[in-house]
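Next comes entry.cif, a file with mmCIF, C-alpha atoms.
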data_input
loop_
_atom_site.label_atom_id
_atom_site.label_comp_id
_atom_site.auth_asym_id
_atom_site.auth_seq_id
_atom_site.Cartn_x
_atom_site.Cartn_y
_atom_site.Cartn_z
CA MET I 114 249.09 153.01 60.46
CA ILE I 115 251.92 150.63 61.17
CA PRO I 116 252.45 149.68 64.82
CA PRO I 117 255.99 149.90 66.24
CA ALA I 118 258.12 146.76 65.96
CA PHE I 119 257.99 144.14 68.72
CA GLU I 120 259.13 140.60 69.39
CA TYR I 121 256.29 138.10 69.10
CA LEU I 122 256.02 135.22 71.55
CA ARG I 123 253.37 132.53 71.54
CA PRO I 124 253.45 130.39 74.68
CA LYS I 125 251.41 127.20 74.80
CA THR I 126 250.88 127.07 78.56
CA LEU I 127 250.03 129.51 81.32
CA PRO I 128 253.26 128.94 83.33
CA GLU I 129 255.23 129.58 80.15
CA ALA I 130 253.34 132.84 79.58
CA VAL I 131 253.91 133.98 83.17
CA GLY I 132 257.60 133.10 82.82
CA LEU I 133 257.91 135.16 79.63
CA LEU I 134 256.20 138.14 81.30
CA GLN I 135 258.75 138.06 84.10
CA GLN I 136 261.67 137.44 81.81
CA HIS I 137 260.92 140.41 79.56
CA GLY I 138 259.95 142.90 82.25
CA GLU I 139 257.69 145.92 82.21
CA ASP I 140 257.76 146.47 78.44
CA ALA I 141 256.22 143.11 77.69
CA LYS I 142 252.45 143.05 77.19
CA ILE I 143 249.87 140.30 76.97
CA LEU I 144 248.11 140.06 73.60
CA SER I 145 244.59 138.73 74.19
CA GLY I 146 241.81 140.00 71.88
CA GLY I 147 244.01 142.94 70.94
CA GLN I 148 241.04 145.18 70.21
CA SER I 149 242.24 147.94 72.54
CA LEU I 150 245.96 147.21 72.46
CA ILE I 151 246.48 147.17 68.68
CA PRO I 152 244.71 150.53 68.08
CA MET I 153 246.81 152.00 70.92
CA MET I 154 249.99 150.62 69.34
CA LYS I 155 249.06 152.17 65.99
CA LEU I 156 248.73 155.55 67.71
CA ARG I 157 252.03 154.93 69.58
CA LEU I 158 250.14 155.20 72.88
CA ALA I 159 251.58 151.75 73.63
CA ARG I 160 255.03 150.56 72.55
CA PRO I 161 255.55 147.10 74.01
CA SER I 162 258.93 145.50 73.32
CA HIS I 163 257.44 142.01 73.44
CA LEU I 164 253.91 140.78 72.81
CA ILE I 165 253.01 137.55 74.57
CA ASP I 166 250.12 136.07 72.59
CA ILE I 167 247.99 133.98 74.98
CA ASN I 168 245.39 133.06 72.36
CA ARG I 169 246.77 129.56 71.83
CA ILE I 170 246.76 128.60 75.51
CA ALA I 171 244.13 125.91 75.97
CA GLY I 172 241.61 125.99 78.81
CA LEU I 173 241.31 129.75 79.30
CA SER I 174 237.96 130.14 77.57
CA TYR I 175 234.84 128.94 79.40
CA ILE I 176 231.56 130.05 80.97
CA ARG I 177 230.29 127.78 83.75
CA GLU I 178 228.73 127.71 87.19
CA ASP I 179 230.87 126.03 89.80
CA GLY I 180 231.16 126.24 93.60
CA GLY I 181 228.63 129.06 93.99
CA PHE I 182 230.17 131.22 91.26
CA LEU I 183 229.69 131.92 87.60
CA LYS I 184 233.23 131.48 86.27
CA ILE I 185 234.31 133.19 83.07
CA GLY I 186 237.71 132.26 81.65
CA GLY I 187 240.08 135.14 80.97
CA LEU I 188 240.16 134.44 77.22
CA THR I 189 236.37 134.18 76.77
CA ARG I 190 235.29 136.35 73.85
CA GLU I 191 232.47 138.87 74.14
CA ALA I 192 230.67 137.04 71.32
CA GLU I 193 230.79 133.82 73.36
CA LEU I 194 229.19 135.59 76.30
CA GLU I 195 226.51 136.93 73.96
CA ALA I 196 225.77 133.46 72.56
CA SER I 197 225.86 131.56 75.87
CA GLU I 198 222.54 130.01 76.88
CA LEU I 199 223.51 130.28 80.56
CA ILE I 200 224.18 134.02 80.21
CA ARG I 201 221.01 134.56 78.16
CA THR I 202 218.76 132.90 80.70
CA LYS I 203 220.36 133.80 84.01
CA TYR I 204 222.62 136.83 83.68
CA PRO I 205 220.70 139.60 81.89
CA LEU I 206 223.13 142.28 83.06
CA LEU I 207 226.05 140.48 81.39
CA LEU I 208 224.03 139.93 78.21
CA ASP I 209 222.95 143.60 78.08
CA THR I 210 226.58 144.62 78.48
CA ALA I 211 228.13 142.22 75.96
CA ARG I 212 225.63 143.25 73.29
CA VAL I 213 226.61 146.92 73.38
CA ILE I 214 230.38 146.51 73.41
CA ALA I 215 231.85 147.84 70.16
CA ASP I 216 230.44 145.90 67.17
CA PRO I 217 230.09 142.26 66.03
CA GLN I 218 233.57 141.95 64.50
CA VAL I 219 235.28 143.41 67.57
CA ARG I 220 233.22 141.16 69.88
CA ASN I 221 234.43 138.10 67.96
CA LEU I 222 237.98 138.81 69.18
CA ALA I 223 237.66 141.04 72.25
CA THR I 224 237.81 139.23 75.57
CA VAL I 225 235.99 139.85 78.84
CA GLY I 226 239.33 139.59 80.66
CA GLY I 227 240.94 142.19 78.43
CA ASN I 228 238.00 144.55 78.83
CA LEU I 229 238.74 144.54 82.58
CA ALA I 230 242.55 144.27 82.63
CA HIS I 231 242.88 147.26 80.30
CA GLY I 232 241.64 149.44 83.20
CA ASP I 233 239.78 151.83 80.91
CA PRO I 234 236.86 153.51 82.71
CA ALA I 235 235.15 153.87 79.30
CA ASN I 236 234.96 150.08 78.91
CA ASP I 237 231.64 148.47 79.75
CA HIS I 238 232.43 145.37 81.81
CA PRO I 239 234.07 147.23 84.71
CA ALA I 240 230.80 148.87 85.81
CA THR I 241 228.96 145.58 85.30
CA MET I 242 231.45 143.64 87.41
CA LEU I 243 231.28 146.30 90.15
CA ALA I 244 227.49 145.91 90.20
CA LEU I 245 227.79 142.11 90.31
CA GLY I 246 230.40 142.10 93.10
CA ALA I 247 232.81 140.04 90.98
CA GLN I 248 236.24 138.71 91.89
CA ILE I 249 239.28 138.68 89.64
CA VAL I 250 241.63 135.71 89.59
CA ALA I 251 245.20 136.70 88.76
CA THR I 252 247.82 134.08 87.98
CA GLY I 253 251.49 134.83 88.58
CA ALA I 254 254.70 133.01 89.41
CA LYS I 255 253.45 132.20 92.91
CA GLY I 256 250.14 130.84 91.69
CA GLU I 257 246.65 132.29 91.89
CA ARG I 258 245.46 135.33 93.80
CA VAL I 259 241.88 136.52 94.14
CA ILE I 260 241.21 140.27 93.98
CA ALA I 261 237.86 141.81 94.96
CA ILE I 262 236.55 143.97 92.13
CA ASP I 263 236.32 146.94 94.51
CA ASP I 264 240.13 146.78 94.85
CA PHE I 265 240.85 146.14 91.18
CA PHE I 266 240.60 149.52 89.42
CA VAL I 267 243.37 151.76 90.73
CA SER I 268 243.53 154.71 88.32
CA LEU I 269 243.23 155.47 84.62
CA PHE I 270 244.51 152.39 82.70
CA THR I 271 245.91 150.96 85.94
CA THR I 272 244.61 147.93 87.81
CA SER I 273 245.93 146.10 90.85
CA LEU I 274 247.33 143.30 88.66
CA ASP I 275 251.07 143.00 89.28
CA HIS I 276 253.30 143.18 86.27
CA GLY I 277 253.98 139.46 86.21
CA GLU I 278 250.32 138.47 86.56
CA ILE I 279 247.72 137.47 84.00
CA LEU I 280 243.97 137.83 84.53
CA THR I 281 242.81 134.23 84.16
CA GLU I 282 239.27 134.13 85.53
CA ILE I 283 236.35 136.29 86.57
CA ARG I 284 234.11 134.94 89.36
CA ILE I 285 230.62 136.23 89.91
CA PRO I 286 228.56 135.04 92.91
CA ILE I 287 225.54 133.17 91.53
CA PRO I 288 222.58 135.49 92.17
CA PRO I 289 219.83 134.11 94.45
CA ALA I 290 216.19 133.83 93.35
CA LYS I 291 214.39 137.13 92.69
CA SER I 292 217.51 138.76 91.27
CA GLY I 293 217.75 140.85 88.13
CA GLY I 294 220.09 143.25 86.41
CA ALA I 295 220.25 145.70 83.54
CA TYR I 296 222.79 147.84 81.69
CA PHE I 297 221.75 151.12 80.09
CA LYS I 298 224.27 152.81 77.82
CA LEU I 299 223.98 155.92 75.71
CA GLU I 300 226.41 155.88 72.78
CA ARG I 301 226.61 158.27 69.84
CA LYS I 302 226.76 155.40 67.39
CA VAL I 303 227.38 151.65 67.40
CA GLY I 304 230.96 150.98 68.37
CA ASP I 305 231.52 154.17 70.31
CA PHE I 306 232.44 154.28 73.96
CA ALA I 307 229.62 155.22 76.31
CA THR I 308 228.75 158.88 76.73
CA ALA I 309 227.62 157.46 80.05
CA ALA I 310 226.24 154.11 81.17
CA VAL I 311 224.82 152.50 84.31
CA ALA I 312 224.89 148.87 85.45
CA VAL I 313 222.45 147.68 88.12
CA GLN I 314 222.19 144.27 89.79
CA LEU I 315 219.64 143.72 92.56
CA THR I 316 217.88 141.07 94.62
CA LEU I 317 214.40 141.57 96.06
CA ASP I 318 213.06 139.93 99.21
CA GLY I 319 209.64 138.27 99.62
CA PRO I 320 207.58 141.46 100.03
CA GLY I 321 209.51 143.13 97.20
CA ALA I 322 211.99 145.30 99.09
CA VAL I 323 215.60 145.60 97.90
CA GLN I 324 217.74 143.09 99.74
CA LYS I 325 220.99 143.40 97.78
CA VAL I 326 222.01 145.91 95.16
CA GLY I 327 225.11 146.92 93.19
CA ILE I 328 225.39 149.96 90.91
CA GLY I 329 228.34 150.68 88.61
CA LEU I 330 228.95 153.73 86.40
CA THR I 331 230.81 153.78 83.06
CA ASN I 332 232.96 156.60 81.66
CA VAL I 333 232.18 159.29 84.19
CA GLY I 334 235.50 159.43 86.03
CA GLY I 335 239.15 158.37 86.04
CA THR I 336 238.12 154.87 87.11
CA PRO I 337 234.87 152.94 86.85
CA ILE I 338 232.73 154.09 89.78
CA ARG I 339 230.65 152.10 92.24
CA ALA I 340 227.76 154.29 93.40
CA LYS I 341 227.73 153.20 97.06
CA ARG I 342 225.46 155.96 98.38
CA ALA I 343 222.91 155.12 95.72
CA GLU I 344 223.04 151.48 96.83
CA GLU I 345 222.53 152.54 100.46
CA ALA I 346 219.53 154.64 99.46
CA LEU I 347 217.88 151.47 98.14
CA ARG I 348 218.64 148.76 100.70
CA GLY I 349 215.60 147.55 102.61
CA LYS I 350 213.23 149.77 100.62
CA LYS I 351 210.54 149.12 98.06
CA LEU I 352 211.25 150.54 94.65
CA ASP I 353 208.70 153.35 94.56
CA ALA I 354 209.22 156.56 92.60
CA ALA I 355 210.62 158.48 95.58
CA THR I 356 213.20 155.79 96.42
CA ILE I 357 214.27 155.40 92.79
CA GLY I 358 214.54 159.18 92.47
CA ALA I 359 216.73 159.46 95.59
CA ALA I 360 219.01 156.63 94.42
CA ALA I 361 219.30 158.15 90.93
CA GLN I 362 220.30 161.49 92.45
CA ALA I 363 222.90 159.76 94.65
CA ALA I 364 224.33 157.97 91.56
CA ALA I 365 224.53 161.29 89.71
CA ASP I 366 226.33 162.79 92.72
CA ALA I 367 228.90 159.97 92.58
CA ALA I 368 229.73 160.68 88.92
CA GLN I 369 232.78 162.84 88.18
CA PRO I 370 232.57 163.30 84.42
CA SER I 371 234.64 165.74 82.42
CA SER I 372 233.44 167.70 79.42
CA ASP I 373 234.68 166.30 76.12
CA LEU I 374 233.55 165.63 72.57
CA ARG I 375 230.78 163.38 73.90
CA GLY I 376 229.17 166.23 75.82
CA PRO I 377 229.47 168.64 78.74
CA ALA I 378 229.91 167.31 82.26
CA ALA I 379 226.48 168.51 83.41
CA TYR I 380 224.82 166.60 80.57
CA LYS I 381 226.61 163.39 81.54
CA THR I 382 225.65 163.82 85.20
CA GLY I 383 222.04 164.25 84.10
CA LEU I 384 222.36 161.15 81.97
CA ILE I 385 223.57 159.07 84.91
CA LYS I 386 220.51 160.13 86.87
CA GLU I 387 218.10 159.13 84.10
CA LEU I 388 219.94 155.91 83.14
CA THR I 389 220.01 154.83 86.81
CA LYS I 390 216.23 155.18 86.98
CA ARG I 391 215.76 153.13 83.83
CA ALA I 392 218.25 150.45 84.84
CA LEU I 393 216.67 150.11 88.30
CA ALA I 394 213.20 149.77 86.80
CA ARG I 395 214.28 147.11 84.33
CA ALA I 396 216.38 145.20 86.87
CA ALA I 397 213.40 145.13 89.26
CA GLU I 398 211.10 143.95 86.49
CA ARG I 399 213.50 141.12 85.67
CA ALA I 400 213.92 140.23 89.36
CA GLY I 401 210.17 139.96 89.72
CA LYS I 402 209.86 137.29 87.04
CA MET J 503 263.58 144.98 62.93
CA ALA J 504 262.08 142.00 64.65
CA LYS J 505 262.71 138.67 63.03
CA LYS J 506 260.24 137.46 60.47
CA GLU J 507 257.82 134.71 61.36
CA LEU J 508 256.63 132.09 58.93
CA ILE J 509 252.86 132.28 58.50
CA LYS J 510 251.00 129.30 57.09
CA LEU J 511 247.32 129.69 56.39
CA LYS J 512 244.52 128.73 54.09
CA ILE J 513 242.90 131.61 52.23
CA ASN J 514 239.86 131.12 49.99
CA GLY J 515 240.67 127.41 49.97
CA LYS J 516 244.33 127.80 48.98
CA GLU J 517 247.29 127.00 51.24
CA ARG J 518 249.80 129.86 51.45
CA GLU J 519 253.06 130.16 53.33
CA VAL J 520 254.74 133.56 53.62
CA ALA J 521 257.17 135.10 56.12
CA ALA J 522 256.26 138.45 57.68
CA GLU J 523 257.41 140.79 60.40
CA PRO J 524 255.20 140.39 63.51
CA ARG J 525 253.94 143.96 63.33
CA LEU J 526 252.46 143.45 59.87
CA LEU J 527 248.69 143.80 60.09
CA LEU J 528 246.58 141.03 58.63
CA VAL J 529 244.97 143.40 56.10
CA HIS J 530 248.36 144.41 54.67
CA PHE J 531 249.45 140.78 54.62
CA ILE J 532 246.34 139.86 52.60
CA ARG J 533 246.61 142.79 50.20
CA GLU J 534 250.35 143.14 49.76
CA GLN J 535 251.90 139.74 50.44
CA LEU J 536 249.09 137.58 49.12
CA GLY J 537 247.98 140.01 46.39
CA LEU J 538 244.29 139.88 47.28
CA THR J 539 243.23 143.52 47.09
CA GLY J 540 239.48 143.01 47.43
CA THR J 541 239.76 143.56 51.19
CA HIS J 542 239.98 147.32 51.77
CA VAL J 543 241.75 149.51 54.28
CA GLY J 544 239.15 152.07 55.26
CA CYS J 545 239.54 153.94 58.52
CA ASP J 546 242.47 151.85 59.80
CA THR J 547 241.15 152.51 63.32
CA SER J 548 238.76 149.58 63.84
CA ASN J 549 235.65 151.64 63.14
CA CYS J 550 234.50 151.17 59.57
CA GLY J 551 234.64 147.42 58.86
CA ALA J 552 235.85 147.75 55.23
CA CYS J 553 238.67 145.32 56.11
CA THR J 554 236.32 142.63 57.45
CA VAL J 555 237.34 139.05 56.62
CA LEU J 556 236.22 135.66 57.89
CA LEU J 557 238.74 134.07 60.23
CA ASN J 558 237.87 130.47 61.07
CA GLY J 559 234.26 131.29 60.20
CA LYS J 560 234.02 134.47 62.28
CA THR J 561 234.11 138.07 61.09
CA VAL J 562 237.12 140.07 62.25
CA LYS J 563 238.61 143.41 61.33
CA SER J 564 241.85 142.54 59.59
CA CYS J 565 243.27 146.00 60.38
CA THR J 566 243.11 145.17 64.09
CA MET J 567 244.92 141.88 64.10
CA PHE J 568 248.51 140.91 63.31
CA ALA J 569 249.08 138.54 60.40
CA VAL J 570 251.15 136.30 62.66
CA GLN J 571 248.06 135.70 64.81
CA ALA J 572 246.37 134.12 61.80
CA ASP J 573 249.04 131.44 61.51
CA GLY J 574 247.23 128.12 60.98
CA ALA J 575 243.89 129.81 60.35
CA GLU J 576 241.37 129.55 57.56
CA ILE J 577 240.48 132.88 56.01
CA MET J 578 237.85 133.91 53.52
CA THR J 579 237.93 137.25 51.74
CA VAL J 580 235.53 138.76 49.20
CA GLU J 581 237.49 136.97 46.46
CA GLY J 582 236.27 133.69 47.95
CA LEU J 583 232.58 134.47 47.42
CA PRO J 584 231.96 133.57 43.76
CA SER J 585 232.02 129.93 42.79
CA ASN J 586 232.91 128.68 39.30
CA GLY J 587 232.87 132.22 38.01
CA ALA J 588 229.28 132.83 39.12
CA LEU J 589 228.50 135.63 41.55
CA HIS J 590 227.37 134.66 45.02
CA PRO J 591 223.67 135.48 45.64
CA LEU J 592 224.83 138.26 47.98
CA GLN J 593 226.91 139.83 45.22
CA GLU J 594 223.95 139.53 42.87
CA GLY J 595 221.75 141.13 45.52
CA PHE J 596 224.09 144.12 45.92
CA LYS J 597 224.03 144.53 42.12
CA GLU J 598 220.28 144.11 41.67
CA GLU J 599 219.22 146.21 44.65
CA HIS J 600 221.86 148.94 44.22
CA GLY J 601 223.47 148.02 47.53
CA LEU J 602 226.51 150.13 46.70
CA GLN J 603 227.42 153.47 45.24
CA CYS J 604 231.16 154.10 45.61
CA GLY J 605 231.71 150.46 46.55
CA PHE J 606 234.45 151.01 49.09
CA CYS J 607 232.60 149.42 52.01
CA THR J 608 231.17 146.60 49.87
CA PRO J 609 233.77 143.86 50.47
CA GLY J 610 233.30 144.21 54.23
CA MET J 611 229.52 144.44 53.90
CA LEU J 612 229.50 141.26 51.84
CA ILE J 613 231.60 139.32 54.35
CA SER J 614 229.52 140.48 57.34
CA SER J 615 226.31 139.63 55.46
CA TYR J 616 227.74 136.25 54.48
CA ALA J 617 228.52 135.44 58.12
CA LEU J 618 225.05 136.61 59.14
CA LEU J 619 223.26 134.41 56.59
CA LYS J 620 225.37 131.39 57.57
CA LYS J 621 224.15 131.74 61.12
CA ASN J 622 220.67 133.00 60.36
CA PRO J 623 219.49 132.22 56.79
CA ASN J 624 216.25 134.18 57.14
CA PRO J 625 217.00 137.30 59.18
CA THR J 626 214.50 140.06 59.94
CA GLU J 627 215.33 143.60 58.90
CA ALA J 628 216.41 144.37 62.47
CA GLU J 629 218.69 141.33 62.51
CA ILE J 630 220.28 142.40 59.22
CA ARG J 631 220.93 145.88 60.59
CA TRP J 632 222.39 144.32 63.73
CA GLY J 633 224.53 141.98 61.62
CA ILE J 634 226.09 144.84 59.64
CA SER J 635 226.36 147.20 62.61
CA GLY J 636 230.16 146.97 62.47
CA ASN J 637 230.27 148.16 58.85
CA LEU J 638 229.91 151.78 57.87
CA CYS J 639 228.59 153.01 54.52
CA ARG J 640 228.68 156.72 53.70
CA CYS J 641 226.71 156.47 50.44
CA THR J 642 223.63 154.29 50.55
CA GLY J 643 221.99 155.10 53.84
CA TYR J 644 221.93 151.29 54.32
CA GLN J 645 218.41 150.87 52.93
CA ASN J 646 219.52 149.17 49.72
CA ILE J 647 222.13 147.11 51.56
CA VAL J 648 219.35 145.68 53.71
CA LYS J 649 217.36 144.94 50.54
CA ALA J 650 220.39 143.29 48.96
CA VAL J 651 220.77 140.94 51.93
CA GLN J 652 217.05 140.16 51.81
CA PHE J 653 217.40 139.41 48.08
CA ALA J 654 220.23 136.96 48.80
CA SER J 655 218.38 135.36 51.70
CA LYS J 656 215.39 134.66 49.43
CA LYS J 657 217.51 133.45 46.55
CA MET J 658 219.51 131.11 48.78
CA ALA J 659 216.31 129.70 50.29
CA GLN J 660 215.15 128.88 46.76
CA GLY J 661 218.13 126.62 46.29
CA GLY J 662 221.00 128.99 45.61
CA LYS J 663 223.82 128.17 48.00
#

Can you turn what I pasted into structure tokens?
Amino acid sequence: MIPPAFEYLRPKTLPEAVGLLQQHGEDAKILSGGQSLIPMMKLRLARPSHLIDINRIAGLSYIREDGGFLKIGGLTREAELEASELIRTKYPLLLDTARVIADPQVRNLATVGGNLAHGDPANDHPATMLALGAQIVATGAKGERVIAIDDFFVSLFTTSLDHGEILTEIRIPIPPAKSGGAYFKLERKVGDFATAAVAVQLTLDGPGAVQKVGIGLTNVGGTPIRAKRAEEALRGKKLDAATIGAAAQAAADAAQPSSDLRGPAAYKTGLIKELTKRALARAAERAGK
Amino acid sequence: MAKKELIKLKINGKEREVAAEPRLLLVHFIREQLGLTGTHVGCDTSNCGACTVLLNGKTVKSCTMFAVQADGAEIMTVEGLPSNGALHPLQEGFKEEHGLQCGFCTPGMLISSYALLKKNPNPTEAEIRWGISGNLCRCTGYQNIVKAVQFASKKMAQGGK
């Protein structure tokens, strides 16, 4: 399949890229990893007039802790996240997530920023970032703007990024001691989108009750979903079977799946319930270590 | 038609310089402009991995990348595997262990296995399966592909390359 024709632009700096976005208007698109955009162009679901390739802009790819946050550069590849010692030792939820995104070849190009900016509720990082309480840094003509992840996903394939803005950084508050996370995804085969998936990040207090918790759901609605009632059902409580069961039911209630080739809606709702239980148990186990 | 861009790259050790329209996919550039037809177009939808090549040492699906993005890059395709006319241990392994039937997925399998062994010369069976998880084979059931990679891993440890 041959994608439709476009003009190719390769800026060397961020201000140049932002300038090109504004100059060429709504039909210009950012080319980052391209692993969602290029397949969509082949299917004519996207027909950008101009592609602004940001891959040669230096300084947009990094993973580091700084000022109380884990900072991930907008161009950081999924494979870099997977290989990072910092992520492996301290951010199990991010490692779980990166490992189940598409397949090794796709992860070598696909970026964390693109996975979010695409606004696809079937992507995996949105639920993870909701659970982690992340912030999105958007860079536009007027400089940087920070967007809370809860305000980022607007509707199917739409985020709160303005047209002239580029997602340049993801900030995740560094989790305190006794924190843990887990991502559970059911996929039909490697490389498929989730039939359903659940991301959990939690912090336990001294006696082992849940102090902080975030739960995000993948591919069970028009946007990625934060299961707030499920979080409320957990706060201040010990993770016994009854509490986990109540939270899992609340997460299932928050899901709004539709029936499609991956299964009927009721099946996906049931999956969310079960995956929430498993993710909570593993997150708690990791927090206890 | 958008204007053509000059693409300079190194492929299997050789410098090449060819102009192409920006929308030309890397796999078509490799097959049609550079005449290297070992890399296959399988699904053309980023699922099957038959088009896998090494780009600056990393496996990518050449059907899901524009040729113009590879400007300045170093690429290795299946044609780059043999040296001095001798098969690479991986190629020998696929032959000896019957790691292929129709052979369509083989170029991609070889490149993914090559990248895996570079990073991890002595992988477990699980690591091999993980390493080729972006490559589909409809014939072998993967068992003999795993054996072929194990064959190469052993041979290379004994002083192959």

J:Leu589, J:Leu511, J:Ile647, J:Cys607: which is nearest J:His542, counting all atoms listed in the file?
J:Cys607

Select, as number ranges by chain, those residues of chain I with any atom no more than 9 Å from chain J (distances computed using all atoms listed in the file).
I: 114-121, 146-149, 151-152, 155, 166, 168, 215-222, 303-305

Any chance you can output those residues with C-alpha atoms as a PDB file, in the coordinates of the input?
ATOM      1  CA  MET I 114     249.090 153.010  60.460  1.00  0.00           C
ATOM      2  CA  ILE I 115     251.920 150.630  61.170  1.00  0.00           C
ATOM      3  CA  PRO I 116     252.450 149.680  64.820  1.00  0.00           C
ATOM      4  CA  PRO I 117     255.990 149.900  66.240  1.00  0.00           C
ATOM      5  CA  ALA I 118     258.120 146.760  65.960  1.00  0.00           C
ATOM      6  CA  PHE I 119     257.990 144.140  68.720  1.00  0.00           C
ATOM      7  CA  GLU I 120     259.130 140.600  69.390  1.00  0.00           C
ATOM      8  CA  TYR I 121     256.290 138.100  69.100  1.00  0.00           C
ATOM      9  CA  GLY I 146     241.810 140.000  71.880  1.00  0.00           C
ATOM     10  CA  GLY I 147     244.010 142.940  70.940  1.00  0.00           C
ATOM     11  CA  GLN I 148     241.040 145.180  70.210  1.00  0.00           C
ATOM     12  CA  SER I 149     242.240 147.940  72.540  1.00  0.00           C
ATOM     13  CA  ILE I 151     246.480 147.170  68.680  1.00  0.00           C
ATOM     14  CA  PRO I 152     244.710 150.530  68.080  1.00  0.00           C
ATOM     15  CA  LYS I 155     249.060 152.170  65.990  1.00  0.00           C
ATOM     16  CA  ASP I 166     250.120 136.070  72.590  1.00  0.00           C
ATOM     17  CA  ASN I 168     245.390 133.060  72.360  1.00  0.00           C
ATOM     18  CA  ALA I 215     231.850 147.840  70.160  1.00  0.00           C
ATOM     19  CA  ASP I 216     230.440 145.900  67.170  1.00  0.00           C
ATOM     20  CA  PRO I 217     230.090 142.260  66.030  1.00  0.00           C
ATOM     21  CA  GLN I 218     233.570 141.950  64.500  1.00  0.00           C
ATOM     22  CA  VAL I 219     235.280 143.410  67.570  1.00  0.00           C
ATOM     23  CA  ARG I 220     233.220 141.160  69.880  1.00  0.00           C
ATOM     24  CA  ASN I 221     234.430 138.100  67.960  1.00  0.00           C
ATOM     25  CA  LEU I 222     237.980 138.810  69.180  1.00  0.00           C
ATOM     26  CA  VAL I 303     227.380 151.650  67.400  1.00  0.00           C
ATOM     27  CA  GLY I 304     230.960 150.980  68.370  1.00  0.00           C
ATOM     28  CA  ASP I 305     231.520 154.170  70.310  1.00  0.00           C
TER      29      ASP I 305
END

Report the residues retrieved by the PyMOL selection byres ((chain J and resi 659) around 12) from the displayed file, expressed as number ranges by chain.
J: 591, 619-620, 622-625, 652-658, 660-663

Determine the residue set returned by the PyMOL selection byres ((chain I and resi 255) around 10) for the present structure, and present it as a PyMOL selection string.
chain I and resi 131+252-254+256-258+277-278

Dump C-alpha atoms for the selected residues as a CSV table (one decimal), in the coordinates of the input?
chain,number,residue,atom,x,y,z
I,131,VAL,CA,253.9,134.0,83.2
I,252,THR,CA,247.8,134.1,88.0
I,253,GLY,CA,251.5,134.8,88.6
I,254,ALA,CA,254.7,133.0,89.4
I,256,GLY,CA,250.1,130.8,91.7
I,257,GLU,CA,246.6,132.3,91.9
I,258,ARG,CA,245.5,135.3,93.8
I,277,GLY,CA,254.0,139.5,86.2
I,278,GLU,CA,250.3,138.5,86.6

As lines of an AutoDock Vina configuration file, please report the centre and edge lengths, rounded to one decimal in Å, of the axis-aligned box that holds all listed atoms of stretch 516-526 of chain J with 3 Å of padding on each of the six sides.
center_x = 250.9
center_y = 135.5
center_z = 56.2
size_x = 19.1
size_y = 23.0
size_z = 20.5

For J:Glu599, which residue among J:Val520, J:Lys512, J:Asn646, J:Leu528 is the nearest when counting all atoms listed in the file?
J:Asn646
